[in-house]
$ cat upload26.cif   # mmCIF, C-alpha atoms
data_entry
loop_
_atom_site.label_atom_id
_atom_site.label_comp_id
_atom_site.auth_asym_id
_atom_site.auth_seq_id
_atom_site.Cartn_x
_atom_site.Cartn_y
_atom_site.Cartn_z
CA MET K 749 109.77 65.37 156.39
CA THR K 750 112.45 67.56 154.88
CA HIS K 751 113.50 67.51 151.29
CA THR K 752 117.04 68.14 150.18
CA ILE K 753 118.54 68.52 146.80
CA GLN K 754 121.61 66.43 146.32
CA PRO K 755 124.43 67.16 143.93
CA ASN K 756 124.25 65.37 140.64
CA ASN K 757 126.42 62.51 141.83
CA PRO K 758 125.31 59.00 140.98
CA GLU K 759 127.26 57.57 143.92
CA ALA K 760 125.78 59.88 146.54
CA THR K 761 123.42 58.26 149.08
CA PRO K 762 120.48 60.21 150.56
CA ALA K 763 120.73 61.03 154.22
CA PRO K 764 118.34 59.17 156.53
CA GLY K 765 114.89 60.81 156.71
CA THR K 766 115.39 62.80 153.55
CA THR K 767 114.20 62.44 149.96
CA ASP K 768 116.54 63.07 147.14
CA ILE K 769 115.11 65.43 144.44
CA PRO K 770 117.21 65.37 141.29
CA ALA K 771 118.46 68.74 140.14
CA ALA K 772 117.13 70.14 136.87
CA PRO K 773 119.28 69.31 133.88
CA ALA K 774 121.66 72.01 132.82
CA ALA K 775 120.61 74.10 129.79
CA SER K 776 122.04 73.02 126.49
CA PRO K 777 124.74 75.32 125.25
CA ALA K 778 123.80 77.66 122.39
CA PRO K 779 124.57 76.19 119.01
CA PRO K 780 127.55 77.63 117.24
CA SER K 781 126.78 80.41 114.76
CA SER K 782 127.62 78.03 111.95
CA ALA K 783 124.56 75.96 112.96
CA LEU K 784 122.07 78.87 112.61
CA PRO K 785 119.85 79.07 109.51
CA PRO K 786 121.36 81.48 106.97
CA ALA K 787 118.47 83.94 107.37
CA LEU K 788 119.31 84.40 111.08
CA LYS K 789 123.01 85.08 110.67
CA ARG K 790 124.02 88.72 111.04
CA ARG K 791 125.81 90.39 108.20
CA ILE K 792 126.65 93.83 106.90
CA PRO K 793 123.88 94.93 104.50
CA LYS K 794 124.80 95.48 100.90
CA TYR K 795 123.84 98.59 98.95
CA SER K 796 121.82 96.42 96.59
CA ASP K 797 119.71 95.38 99.60
CA LEU K 798 119.17 98.95 100.77
CA ALA K 799 118.51 100.59 97.42
CA PRO K 800 114.92 99.29 97.00
CA LEU K 801 114.08 100.60 100.50
CA MET K 802 115.40 104.12 99.87
CA GLN K 803 112.72 105.38 97.53
CA PHE K 804 112.36 108.89 98.86
CA LYS K 805 109.46 110.72 97.26
CA LYS K 806 109.66 114.34 96.28
CA PRO K 807 107.42 116.41 98.60
CA GLU K 808 104.14 117.40 96.94
CA PHE K 809 102.37 120.60 97.93
CA SER K 810 99.72 120.83 95.21
CA LYS K 811 96.00 120.96 95.93
CA GLU K 812 95.56 117.56 94.33
CA ALA K 813 98.21 115.98 96.57
CA ARG K 814 96.75 117.65 99.65
CA LEU K 815 93.27 116.34 98.93
CA LYS K 816 94.50 112.88 98.01
CA ARG K 817 96.08 112.53 101.44
CA ALA K 818 92.64 112.95 103.04
CA SER K 819 91.08 109.53 103.60
CA THR K 820 88.09 110.61 105.69
CA ILE K 821 85.64 113.50 105.87
CA TRP K 822 87.20 114.39 109.22
CA GLU K 823 90.58 114.83 107.53
CA LEU K 824 88.97 117.11 104.93
CA ARG K 825 87.57 119.06 107.87
CA ASP K 826 91.08 119.50 109.28
CA ILE K 827 92.29 120.88 105.94
CA ALA K 828 89.25 123.14 105.69
CA LYS K 829 89.86 124.57 109.15
CA ARG K 830 93.45 125.46 108.27
CA ARG K 831 92.45 127.20 105.04
CA THR K 832 89.26 129.06 106.00
CA PRO K 833 88.82 132.12 108.23
CA LYS K 834 87.22 131.42 111.56
CA ALA K 835 83.85 133.12 110.93
CA PRO K 836 82.85 131.20 107.77
CA PHE K 837 84.36 127.96 109.06
CA ASP K 838 82.43 128.22 112.32
CA TYR K 839 79.25 129.08 110.43
CA THR K 840 79.59 125.70 108.69
CA ASP K 841 80.97 123.70 111.59
CA GLY K 842 78.81 125.06 114.38
CA ALA K 843 75.28 124.46 115.59
CA ALA K 844 72.75 126.04 117.95
CA GLU K 845 73.34 126.91 121.59
CA GLU K 846 75.48 124.23 123.29
CA GLU K 847 75.59 122.13 120.08
CA ILE K 848 74.17 119.15 121.95
CA THR K 849 71.96 118.09 119.05
CA LEU K 850 74.85 117.92 116.59
CA ARG K 851 77.00 115.85 118.95
CA ARG K 852 74.12 113.46 119.63
CA ALA K 853 73.36 113.10 115.93
CA ARG K 854 76.94 112.08 115.17
CA GLN K 855 77.11 109.84 118.22
CA ALA K 856 73.95 108.05 117.08
CA PHE K 857 75.80 106.70 114.07
CA LEU K 858 78.66 105.54 116.30
CA ASP K 859 76.32 103.75 118.70
CA ILE K 860 75.46 100.96 116.28
CA GLU K 861 76.73 97.49 115.60
CA PHE K 862 76.81 96.13 112.06
CA ARG K 863 75.75 92.50 111.63
CA PRO K 864 77.55 91.12 108.57
CA GLY K 865 76.65 88.09 106.51
CA ILE K 866 79.39 85.84 105.14
CA LEU K 867 79.94 83.70 102.07
CA ARG K 868 78.08 86.06 99.77
CA ASN K 869 79.25 87.08 96.34
CA VAL K 870 80.26 90.73 96.74
CA SER K 871 82.66 90.96 93.82
CA SER K 872 80.52 93.76 92.36
CA ILE K 873 78.83 96.45 94.47
CA ASP K 874 75.95 98.47 93.02
CA LEU K 875 75.32 101.74 94.90
CA SER K 876 72.65 103.09 92.55
CA THR K 877 69.09 103.74 93.64
CA ASP K 878 65.92 105.54 92.61
CA ILE K 879 64.70 108.63 94.43
CA LEU K 880 61.54 110.58 93.70
CA GLY K 881 61.03 108.89 90.37
CA LYS K 882 64.53 109.19 88.92
CA PRO K 883 67.79 107.25 89.22
CA SER K 884 70.76 108.35 91.31
CA ARG K 885 74.18 106.75 90.95
CA LEU K 886 74.70 106.99 94.72
CA PRO K 887 72.19 106.98 97.61
CA VAL K 888 73.23 110.47 98.68
CA GLY K 889 72.62 113.99 97.43
CA ILE K 890 73.89 117.44 98.33
CA ALA K 891 71.73 119.26 100.86
CA PRO K 892 70.83 122.95 100.61
CA THR K 893 73.36 125.21 102.32
CA GLY K 894 73.30 128.96 102.71
CA PHE K 895 76.06 131.49 101.92
CA THR K 896 78.06 128.76 100.19
CA ARG K 897 80.39 131.04 98.22
CA MET K 898 81.42 132.53 101.54
CA MET K 899 82.90 129.16 102.52
CA GLN K 900 84.94 129.07 99.31
CA SER K 901 84.62 131.23 96.23
CA GLU K 902 83.47 128.41 93.90
CA GLY K 903 80.49 127.78 96.17
CA GLU K 904 77.33 126.42 94.57
CA TYR K 905 79.04 126.09 91.20
CA ALA K 906 81.50 123.57 92.66
CA GLY K 907 78.74 121.67 94.45
CA SER K 908 76.37 121.46 91.50
CA ARG K 909 79.08 120.44 89.03
CA ALA K 910 80.47 117.80 91.39
CA ALA K 911 76.95 116.41 91.89
CA GLU K 912 76.40 116.39 88.13
CA ALA K 913 79.64 114.46 87.61
CA ALA K 914 78.74 112.00 90.38
CA GLY K 915 75.23 111.44 89.04
CA ILE K 916 73.44 112.62 92.19
CA PRO K 917 70.96 115.43 93.00
CA TYR K 918 72.08 118.90 94.04
CA THR K 919 69.83 121.18 96.12
CA LEU K 920 70.18 124.95 95.86
CA SER K 921 69.14 126.90 98.95
CA THR K 922 66.95 129.99 98.93
CA MET K 923 69.87 131.50 100.84
CA GLY K 924 72.43 130.19 98.38
CA THR K 925 74.94 132.65 96.93
CA ALA K 926 74.25 131.85 93.28
CA SER K 927 71.06 132.32 91.33
CA ILE K 928 68.74 129.52 90.27
CA GLU K 929 69.49 130.26 86.63
CA ASP K 930 73.28 130.37 87.05
CA VAL K 931 73.38 127.04 88.88
CA ALA K 932 71.24 125.43 86.18
CA ALA K 933 73.59 126.78 83.53
CA ALA K 934 76.66 125.59 85.43
CA ALA K 935 75.33 122.00 85.64
CA PRO K 936 72.95 121.68 82.66
CA ASN K 937 72.95 117.89 82.76
CA GLY K 938 72.64 117.61 86.52
CA ARG K 939 69.56 116.86 88.56
CA ASN K 940 68.84 120.16 90.28
CA TRP K 941 66.45 120.60 93.20
CA PHE K 942 65.44 123.88 94.85
CA GLN K 943 64.95 124.47 98.56
CA LEU K 944 62.36 127.05 99.55
CA TYR K 945 61.80 129.15 102.65
CA LEU K 946 58.27 130.46 102.38
CA TRP K 947 58.16 134.24 102.70
CA THR K 948 55.34 136.12 104.34
CA ASP K 949 55.01 137.83 100.95
CA ARG K 950 53.63 134.93 98.90
CA ASP K 951 54.26 136.77 95.64
CA ARG K 952 58.00 136.58 96.27
CA SER K 953 57.72 132.87 97.06
CA LEU K 954 55.71 132.32 93.90
CA GLU K 955 58.35 134.11 91.85
CA LEU K 956 61.04 131.74 93.18
CA ILE K 957 58.87 128.69 92.50
CA GLU K 958 58.28 129.80 88.91
CA ARG K 959 61.98 130.48 88.37
CA ALA K 960 62.90 127.05 89.74
CA ALA K 961 60.42 125.33 87.44
CA LYS K 962 61.56 127.31 84.41
CA ALA K 963 65.22 126.44 85.16
CA GLY K 964 64.39 122.72 85.08
CA ASN K 965 64.36 121.89 88.80
CA ASP K 966 62.22 118.76 89.19
CA THR K 967 61.91 118.78 93.00
CA LEU K 968 60.93 121.51 95.45
CA MET K 969 62.12 121.06 99.03
CA VAL K 970 60.32 123.30 101.50
CA THR K 971 61.97 123.74 104.91
CA VAL K 972 59.56 123.96 107.84
CA ASP K 973 61.72 123.91 111.01
CA THR K 974 62.65 127.59 110.94
CA ALA K 975 59.86 129.58 112.57
CA VAL K 976 62.68 131.75 113.95
CA ALA K 977 66.44 131.55 113.69
CA GLY K 978 68.24 129.26 116.10
CA ALA K 979 70.75 130.67 118.58
CA ARG K 980 73.97 129.97 116.69
CA LEU K 981 76.37 131.27 119.28
CA ARG K 982 79.55 130.83 117.29
CA ASP K 983 78.19 133.30 114.72
CA VAL K 984 77.29 135.75 117.49
CA ARG K 985 80.77 135.54 119.01
CA ASN K 986 82.44 135.89 115.62
CA GLY K 987 80.27 138.86 114.62
CA MET K 988 79.31 137.00 111.45
CA THR K 989 78.00 139.38 108.79
CA ILE K 990 77.09 139.27 105.10
CA PRO K 991 79.43 140.14 103.47
CA PRO K 992 82.27 139.40 105.93
CA ALA K 993 83.45 142.62 107.58
CA LEU K 994 87.11 143.64 107.46
CA THR K 995 87.85 144.32 111.14
CA VAL K 996 91.17 144.12 112.95
CA LYS K 997 90.23 140.59 114.02
CA THR K 998 89.39 139.40 110.50
CA VAL K 999 92.52 141.01 109.03
CA LEU K 1000 94.68 139.16 111.56
CA ASP K 1001 92.78 135.96 110.79
CA ALA K 1002 93.39 136.52 107.08
CA SER K 1003 97.12 136.97 107.52
CA TYR K 1004 97.71 133.22 107.49
CA ARG K 1005 94.82 132.38 105.12
CA PRO K 1006 95.65 134.69 102.21
CA ALA K 1007 94.30 132.35 99.52
CA TRP K 1008 90.75 132.55 100.90
CA TRP K 1009 90.79 136.35 101.01
CA PHE K 1010 92.39 136.63 97.57
CA ASN K 1011 89.65 134.42 96.11
CA PHE K 1012 86.92 136.27 97.99
CA LEU K 1013 88.06 139.74 97.00
CA THR K 1014 88.81 138.95 93.35
CA HIS K 1015 85.50 137.26 92.50
CA GLU K 1016 81.98 138.63 92.03
CA PRO K 1017 80.49 139.87 95.32
CA LEU K 1018 78.06 137.53 97.06
CA THR K 1019 74.60 137.41 95.53
CA PHE K 1020 71.66 135.29 96.57
CA ALA K 1021 69.17 133.01 94.93
CA SER K 1022 66.37 135.19 96.29
CA LEU K 1023 68.05 138.53 97.07
CA SER K 1024 70.09 140.82 94.89
CA ARG K 1025 72.21 142.22 97.71
CA TYR K 1026 72.16 142.16 101.50
CA THR K 1027 74.26 143.73 104.24
CA GLY K 1028 73.82 142.77 107.88
CA THR K 1029 74.11 139.94 110.35
CA VAL K 1030 73.20 136.38 109.46
CA ALA K 1031 70.56 136.24 112.20
CA ASP K 1032 68.86 139.39 110.90
CA LEU K 1033 68.77 138.02 107.37
CA ILE K 1034 67.34 134.69 108.51
CA ASN K 1035 64.66 136.30 110.63
CA SER K 1036 63.67 138.59 107.77
CA MET K 1037 63.12 135.60 105.50
CA PHE K 1038 61.42 133.05 107.76
CA ASP K 1039 57.64 133.14 108.13
CA PRO K 1040 56.55 132.20 111.68
CA THR K 1041 52.88 131.96 110.61
CA LEU K 1042 53.24 128.86 108.40
CA THR K 1043 50.56 126.17 108.72
CA PHE K 1044 49.53 123.06 106.87
CA GLU K 1045 47.29 125.24 104.71
CA ASP K 1046 50.43 126.79 103.24
CA LEU K 1047 51.58 123.30 102.33
CA ASP K 1048 48.27 122.80 100.51
CA TRP K 1049 48.95 126.02 98.58
CA LEU K 1050 52.42 124.78 97.64
CA ARG K 1051 51.05 121.46 96.47
CA GLU K 1052 48.60 123.22 94.17
CA THR K 1053 51.26 125.61 92.90
CA TRP K 1054 54.22 123.29 92.33
CA LYS K 1055 53.71 120.59 89.70
CA GLY K 1056 56.91 118.64 90.33
CA LYS K 1057 57.93 116.51 93.29
CA LEU K 1058 57.36 118.15 96.68
CA VAL K 1059 59.50 117.26 99.70
CA VAL K 1060 59.13 118.66 103.22
CA LYS K 1061 62.37 119.13 105.17
CA GLY K 1062 62.60 119.44 108.94
CA ILE K 1063 60.35 116.56 110.01
CA GLN K 1064 61.06 115.55 113.63
CA THR K 1065 58.04 113.48 114.71
CA VAL K 1066 56.15 110.54 113.26
CA GLU K 1067 52.86 112.44 113.40
CA ASP K 1068 54.23 115.36 111.37
CA ALA K 1069 55.68 112.94 108.83
CA ARG K 1070 52.22 111.45 108.33
CA ARG K 1071 50.47 114.82 108.18
CA VAL K 1072 52.69 116.35 105.49
CA VAL K 1073 52.17 113.27 103.34
CA ASP K 1074 48.42 113.62 103.86
CA HIS K 1075 48.78 117.19 102.61
CA GLY K 1076 50.42 116.11 99.38
CA ALA K 1077 54.15 115.72 100.06
CA ASP K 1078 55.95 113.16 97.91
CA GLY K 1079 58.64 112.72 100.52
CA VAL K 1080 59.94 113.85 103.90
CA VAL K 1081 63.40 114.81 105.04
CA LEU K 1082 63.99 113.67 108.62
CA SER K 1083 66.16 116.53 109.77
CA ASN K 1084 66.77 118.85 112.70
CA HIS K 1085 68.56 121.35 110.45
CA GLY K 1086 71.94 119.91 111.31
CA GLY K 1087 71.42 120.85 114.95
CA ARG K 1088 71.32 124.52 113.94
CA GLN K 1089 67.80 125.36 115.13
CA LEU K 1090 66.45 123.73 118.31
CA ASP K 1091 69.14 122.31 120.57
CA ARG K 1092 68.23 118.94 122.12
CA ALA K 1093 65.96 118.25 119.14
CA PRO K 1094 65.07 114.67 118.13
CA ILE K 1095 67.82 112.77 116.31
CA PRO K 1096 66.74 111.83 112.75
CA PHE K 1097 68.62 108.51 112.81
CA HIS K 1098 66.72 107.48 115.95
CA LEU K 1099 63.40 108.61 114.45
CA LEU K 1100 63.96 106.73 111.20
CA PRO K 1101 62.71 103.23 112.17
CA GLU K 1102 59.49 104.67 113.63
CA VAL K 1103 58.70 106.66 110.49
CA LYS K 1104 59.49 103.67 108.30
CA GLN K 1105 57.12 101.50 110.33
CA ALA K 1106 54.38 104.15 110.24
CA PHE K 1107 54.63 104.58 106.48
CA ALA K 1108 54.54 100.82 105.99
CA GLY K 1109 51.38 100.62 108.09
CA ASP K 1110 49.81 103.44 106.07
CA ASN K 1111 50.86 101.85 102.77
CA SER K 1112 52.53 105.15 101.96
CA GLU K 1113 54.91 105.37 99.03
CA ALA K 1114 56.37 108.66 100.20
CA ALA K 1115 60.17 108.80 100.16
CA ILE K 1116 62.08 108.94 103.44
CA ILE K 1117 65.23 111.06 103.19
CA LEU K 1118 67.60 111.60 106.11
CA ASP K 1119 70.24 114.17 106.96
CA THR K 1120 72.17 115.45 110.02
CA GLY K 1121 75.31 113.88 111.43
CA ILE K 1122 76.51 111.96 108.36
CA MET K 1123 80.31 111.91 108.25
CA SER K 1124 81.08 108.61 106.51
CA GLY K 1125 79.76 106.15 103.97
CA ALA K 1126 79.14 103.70 106.81
CA ASP K 1127 76.70 106.24 108.29
CA ILE K 1128 74.83 106.29 104.98
CA VAL K 1129 74.70 102.49 104.78
CA ALA K 1130 73.34 102.31 108.34
CA ALA K 1131 70.59 104.81 107.48
CA LEU K 1132 69.62 102.87 104.37
CA ALA K 1133 69.50 99.62 106.33
CA LEU K 1134 67.14 101.14 108.91
CA GLY K 1135 64.71 102.35 106.28
CA ALA K 1136 65.90 105.54 104.60
CA ASP K 1137 65.38 105.71 100.84
CA PHE K 1138 68.03 108.39 100.44
CA THR K 1139 70.37 110.67 102.40
CA LEU K 1140 71.66 114.24 102.14
CA ILE K 1141 75.01 115.71 103.17
CA GLY K 1142 75.67 119.32 104.11
CA ARG K 1143 78.74 119.82 106.28
CA ALA K 1144 80.48 116.79 104.78
CA TYR K 1145 80.53 118.34 101.32
CA LEU K 1146 81.25 121.85 102.62
CA TYR K 1147 84.40 120.58 104.36
CA GLY K 1148 85.55 119.35 100.96
CA LEU K 1149 84.61 122.66 99.35
CA MET K 1150 86.62 124.64 101.90
CA ALA K 1151 89.52 122.22 101.58
CA GLY K 1152 89.84 122.54 97.83
CA GLY K 1153 86.93 123.97 95.87
CA ARG K 1154 85.38 121.72 93.22
CA ALA K 1155 88.20 119.19 93.59
CA GLY K 1156 87.51 119.06 97.33
CA VAL K 1157 83.83 118.32 96.78
CA ASP K 1158 84.80 115.58 94.33
CA ARG K 1159 87.13 114.15 96.96
CA ALA K 1160 84.40 114.17 99.62
CA LEU K 1161 82.07 112.22 97.34
CA GLN K 1162 84.86 109.79 96.43
CA ILE K 1163 85.54 109.14 100.12
CA LEU K 1164 81.86 108.49 100.83
CA GLU K 1165 81.47 106.24 97.80
CA LYS K 1166 84.50 104.15 98.76
CA ASP K 1167 83.24 103.92 102.35
CA MET K 1168 79.80 102.75 101.21
CA ALA K 1169 81.15 100.13 98.80
CA ARG K 1170 83.54 98.70 101.39
CA THR K 1171 80.92 98.64 104.16
CA MET K 1172 78.37 96.89 101.96
CA ALA K 1173 80.90 94.30 100.81
CA LEU K 1174 81.87 93.53 104.39
CA LEU K 1175 78.19 93.26 105.30
CA GLY K 1176 77.76 90.71 102.55
CA VAL K 1177 75.39 92.74 100.35
CA SER K 1178 75.97 93.78 96.76
CA ARG K 1179 73.07 96.21 96.23
CA ILE K 1180 71.09 98.64 98.34
CA SER K 1181 67.86 96.66 98.08
CA GLU K 1182 69.54 93.86 100.05
CA LEU K 1183 70.07 96.04 103.13
CA THR K 1184 67.61 95.36 105.96
CA PRO K 1185 67.26 96.34 109.64
CA GLU K 1186 68.84 92.96 110.45
CA HIS K 1187 72.17 94.41 109.31
CA VAL K 1188 72.20 97.05 112.07
CA ARG K 1189 71.73 96.84 115.82
CA LEU K 1190 71.32 99.98 117.90
CA LEU K 1191 73.53 99.54 120.94
CA GLY K 1192 71.82 100.00 124.27
CA LYS K 1193 68.37 99.27 122.86
#
$ encode --input "upload26.cif" --output "structure tokens"
Amino acid sequence: MTHTIQPNNPEATPAPGTTDIPAAPAASPAPPSSALPPALKRRIPKYSDLAPLMQFKKPEFSKEARLKRASTIWELRDIAKRRTPKAPFDYTDGAAEEEITLRRARQAFLDIEFRPGILRNVSSIDLSTDILGKPSRLPVGIAPTGFTRMMQSEGEYAGSRAAEAAGIPYTLSTMGTASIEDVAAAAPNGRNWFQLYLWTDRDRSLELIERAAKAGNDTLMVTVDTAVAGARLRDVRNGMTIPPALTVKTVLDASYRPAWWFNFLTHEPLTFASLSRYTGTVADLINSMFDPTLTFEDLDWLRETWKGKLVVKGIQTVEDARRVVDHGADGVVLSNHGGRQLDRAPIPFHLLPEVKQAFAGDNSEAAIILDTGIMSGADIVAALALGADFTLIGRAYLYGLMAGGRAGVDRALQILEKDMARTMALLGVSRISELTPEHVRLLGK
């Protein structure tokens, strides 16, 4: 049977064998403009309407304005890269060999899913915690970093003062470019820790330990993942030396970073916490300082010698975490040296739940501290939820330092604090003690 559409004629009769399908009604004509709501009628804008929209701000080029525009640690990194010569920037930014470990460590924090709770009172967020017997306003401290005044002339002084102002611990490296005494004087009310590389010459190590104690450092952090220096290929390619060498390449690099070179050349030459002066490559200096013969007996010696809190940094297995505690450590730092030693090393964030479970089974009260890969406050919250008692940042604060000296370090800590507070509020927790493994799920596991 065929179907035809007939004209819209009430008198028309369908042809035999056909069915009449009425045509669709014609669209209604658009209403006249006078019928439109007033808000939809077009008109010529008045100046009084435009004036509130034309609030052009005067461009700001100050350091404070530059830092304020950075909302993430990654944005501080971008500023740092623009303002710092390639060799010192790469020393901070780079890692060992193919830098696989560093990428995996950062990816580990991305490969999680937060599990928030709702209808909780999060009007007030408390980020304070206790670590190694004393309070910290934030659950993060500044990790030990070497050659820090080479990154930016304020170096350890900026880091220690920013930590003092933030109410968090600051750790001076044996390879830091300021003395133990000068850092203590720069931040007299801060909580200062000292990181130690044990020398083959134990008398030199003992001298550093005694100086740290006399300067008021309450915690000694011994690093144990440096039997030899890692293959940091960026430093090799850049010809990284201490102090930086003025070659044709570095002069050209300095031509568009004059502020860094002006600061470097007009301040006191680099000195070290454990050396008066040194000239040579970074790798040579590291290998001259590291003792490849270290054993657990040396840890026993340290425990007898140092009367304050003792923390062992560079723990990468559950068994080693247990053993150093058995030998007197008050805490462990789960760390692969920021990916700067053994490439393809274990990822501290992945190791964390296993160490937490082992310590719980042993009824151990040793502190679990975590570093490597932290680039946001959300990373810190995730680590705390999975069992860390505390965290340390290295590159994250150095990016701030290179971006703007002391003010840049302050900005880095402000960014992390804001991140942590927001993340905790959205998770439905108001204090660190409320975080549990139930708040984090590791994707793919």
$ residues_around --input "upload26.cif" --residues "Ala1077 of chain K" --least-positions-apart "2" --cutoff "8 Å" --atoms "only C-alpha atoms" --output "list in words"
Arg1051, Lys1057, Leu1058, Val1059, Val1060, Val1072, Val1073, Asp1074, His1075, Gly1079, Val1080 and Ala1114 of chain K
$ residues_around --input "upload26.cif" --residues "Thr1184 of chain K" --least-positions-apart "4" --cutoff "10 Å" --atoms "all atoms listed in the file" --output "PyMOL selection string"
chain K and resi 1130+1132-1135+1177+1180+1188
$ resolve_selection --input "upload26.cif" --expression "the PyMOL selection byres ((chain K and resi 961-969) around 7)" --output "short mmCIF file (atom, residue, chain, number, x, y, z; two decimals) with C-alpha atoms, in the coordinates of the input"
data_model
loop_
_atom_site.label_atom_id
_atom_site.label_comp_id
_atom_site.auth_asym_id
_atom_site.auth_seq_id
_atom_site.Cartn_x
_atom_site.Cartn_y
_atom_site.Cartn_z
CA ILE K 928 68.74 129.52 90.27
CA GLU K 929 69.49 130.26 86.63
CA ALA K 932 71.24 125.43 86.18
CA ASN K 940 68.84 120.16 90.28
CA TRP K 941 66.45 120.60 93.20
CA PHE K 942 65.44 123.88 94.85
CA GLN K 943 64.95 124.47 98.56
CA LEU K 944 62.36 127.05 99.55
CA ILE K 957 58.87 128.69 92.50
CA GLU K 958 58.28 129.80 88.91
CA ARG K 959 61.98 130.48 88.37
CA ALA K 960 62.90 127.05 89.74
CA VAL K 970 60.32 123.30 101.50
CA THR K 971 61.97 123.74 104.91
CA GLY K 1056 56.91 118.64 90.33
CA LYS K 1057 57.93 116.51 93.29
CA LEU K 1058 57.36 118.15 96.68
CA VAL K 1059 59.50 117.26 99.70
CA VAL K 1060 59.13 118.66 103.22
CA LYS K 1061 62.37 119.13 105.17
#
$ resolve_selection --input "upload26.cif" --expression "the PyMOL selection byres ((chain K and resi 1082) around 6)" --output "list in words"
Gly1062, Ile1063, Val1081, Ser1083, Pro1096 and Leu1118 of chain K
$ residues_around --input "upload26.cif" --residues "Leu981 of chain K" --least-positions-apart "5" --cutoff "8 Å" --atoms "only C-alpha atoms" --output "list of chain:residue names"
K:Ala843, K:Ala844, K:Glu845
$ residues_near_point --input "upload26.cif" --point "(84.6, 137.2, 99.6)" --cutoff "9 Å" --atoms "all atoms listed in the file" --output "ChimeraX atom specification"
/K:897-901,991-992,1008-1018
$ residues_near_point --input "upload26.cif" --point "(91.7, 120.2, 96.5)" --cutoff "10 Å" --atoms "all atoms listed in the file" --output "list in words"
Ser810, Lys811, Glu812, Ala813, Arg814, Leu815, Lys816, Ala818, Leu824, Ile827, Ala828, Gly1148, Leu1149, Met1150, Ala1151, Gly1152, Gly1153, Arg1154, Ala1155, Gly1156, Val1157, Asp1158, Arg1159 and Ala1160 of chain K
$ write_last_selection --input "upload26.cif" --atoms "C-alpha atoms" --output "PDB file, in the frame of the given file"
ATOM      1  CA  SER K 810      99.720 120.830  95.210  1.00  0.00           C
ATOM      2  CA  LYS K 811      96.000 120.960  95.930  1.00  0.00           C
ATOM      3  CA  GLU K 812      95.560 117.560  94.330  1.00  0.00           C
ATOM      4  CA  ALA K 813      98.210 115.980  96.570  1.00  0.00           C
ATOM      5  CA  ARG K 814      96.750 117.650  99.650  1.00  0.00           C
ATOM      6  CA  LEU K 815      93.270 116.340  98.930  1.00  0.00           C
ATOM      7  CA  LYS K 816      94.500 112.880  98.010  1.00  0.00           C
ATOM      8  CA  ALA K 818      92.640 112.950 103.040  1.00  0.00           C
ATOM      9  CA  LEU K 824      88.970 117.110 104.930  1.00  0.00           C
ATOM     10  CA  ILE K 827      92.290 120.880 105.940  1.00  0.00           C
ATOM     11  CA  ALA K 828      89.250 123.140 105.690  1.00  0.00           C
ATOM     12  CA  GLY K1148      85.550 119.350 100.960  1.00  0.00           C
ATOM     13  CA  LEU K1149      84.610 122.660  99.350  1.00  0.00           C
ATOM     14  CA  MET K1150      86.620 124.640 101.900  1.00  0.00           C
ATOM     15  CA  ALA K1151      89.520 122.220 101.580  1.00  0.00           C
ATOM     16  CA  GLY K1152      89.840 122.540  97.830  1.00  0.00           C
ATOM     17  CA  GLY K1153      86.930 123.970  95.870  1.00  0.00           C
ATOM     18  CA  ARG K1154      85.380 121.720  93.220  1.00  0.00           C
ATOM     19  CA  ALA K1155      88.200 119.190  93.590  1.00  0.00           C
ATOM     20  CA  GLY K1156      87.510 119.060  97.330  1.00  0.00           C
ATOM     21  CA  VAL K1157      83.830 118.320  96.780  1.00  0.00           C
ATOM     22  CA  ASP K1158      84.800 115.580  94.330  1.00  0.00           C
ATOM     23  CA  ARG K1159      87.130 114.150  96.960  1.00  0.00           C
ATOM     24  CA  ALA K1160      84.400 114.170  99.620  1.00  0.00           C
TER      25      ALA K1160
END
$ resolve_selection --input "upload26.cif" --expression "the PyMOL selection byres ((chain K and resi 879-896) around 6)" --output "ChimeraX atom specification"
/K:875-878,897-899,903,915-921,923-925,1138-1142
$ closest_residue --input "upload26.cif" --among "K:Ile1163, K:Ile821, K:Asp1127, K:Thr1065" --to "Leu1100 of chain K" --atoms "all atoms listed in the file"
K:Thr1065
$ closest_residue --input "upload26.cif" --among "K:Glu846, K:Glu955, K:Asp1119, K:Asp1039" --to "Thr974 of chain K" --atoms "all atoms listed in the file"
K:Asp1039
$ atom_distance --input "upload26.cif" --atom1 "atom CA of Ala853 of chain K" --atom2 "atom CA of Leu1183 of chain K"
21.6 Å
$ atom_distance --input "upload26.cif" --atom1 "atom CA of Asp1068 of chain K" --atom2 "atom CA of Thr849 of chain K"
19.5 Å
$ closest_residue --input "upload26.cif" --among "K:Tyr1004, K:Phe857, K:Tyr839, K:Tyr945" --to "Leu1047 of chain K" --atoms "only C-alpha atoms"
K:Tyr945
$ closest_residue --input "upload26.cif" --among "K:Leu798, K:Ile792, K:Ala933, K:Ala1131" --to "Phe1097 of chain K" --atoms "all atoms listed in the file"
K:Ala1131
$ closest_residue --input "upload26.cif" --among "K:Val972, K:Met802, K:Val984, K:Leu1164" --to "Gly842 of chain K" --atoms "only C-alpha atoms"
K:Val984
$ closest_residue --input "upload26.cif" --among "K:Gly1125, K:Arg1092, K:Phe1107, K:Ala1173" --to "Ile848 of chain K" --atoms "only C-alpha atoms"
K:Arg1092
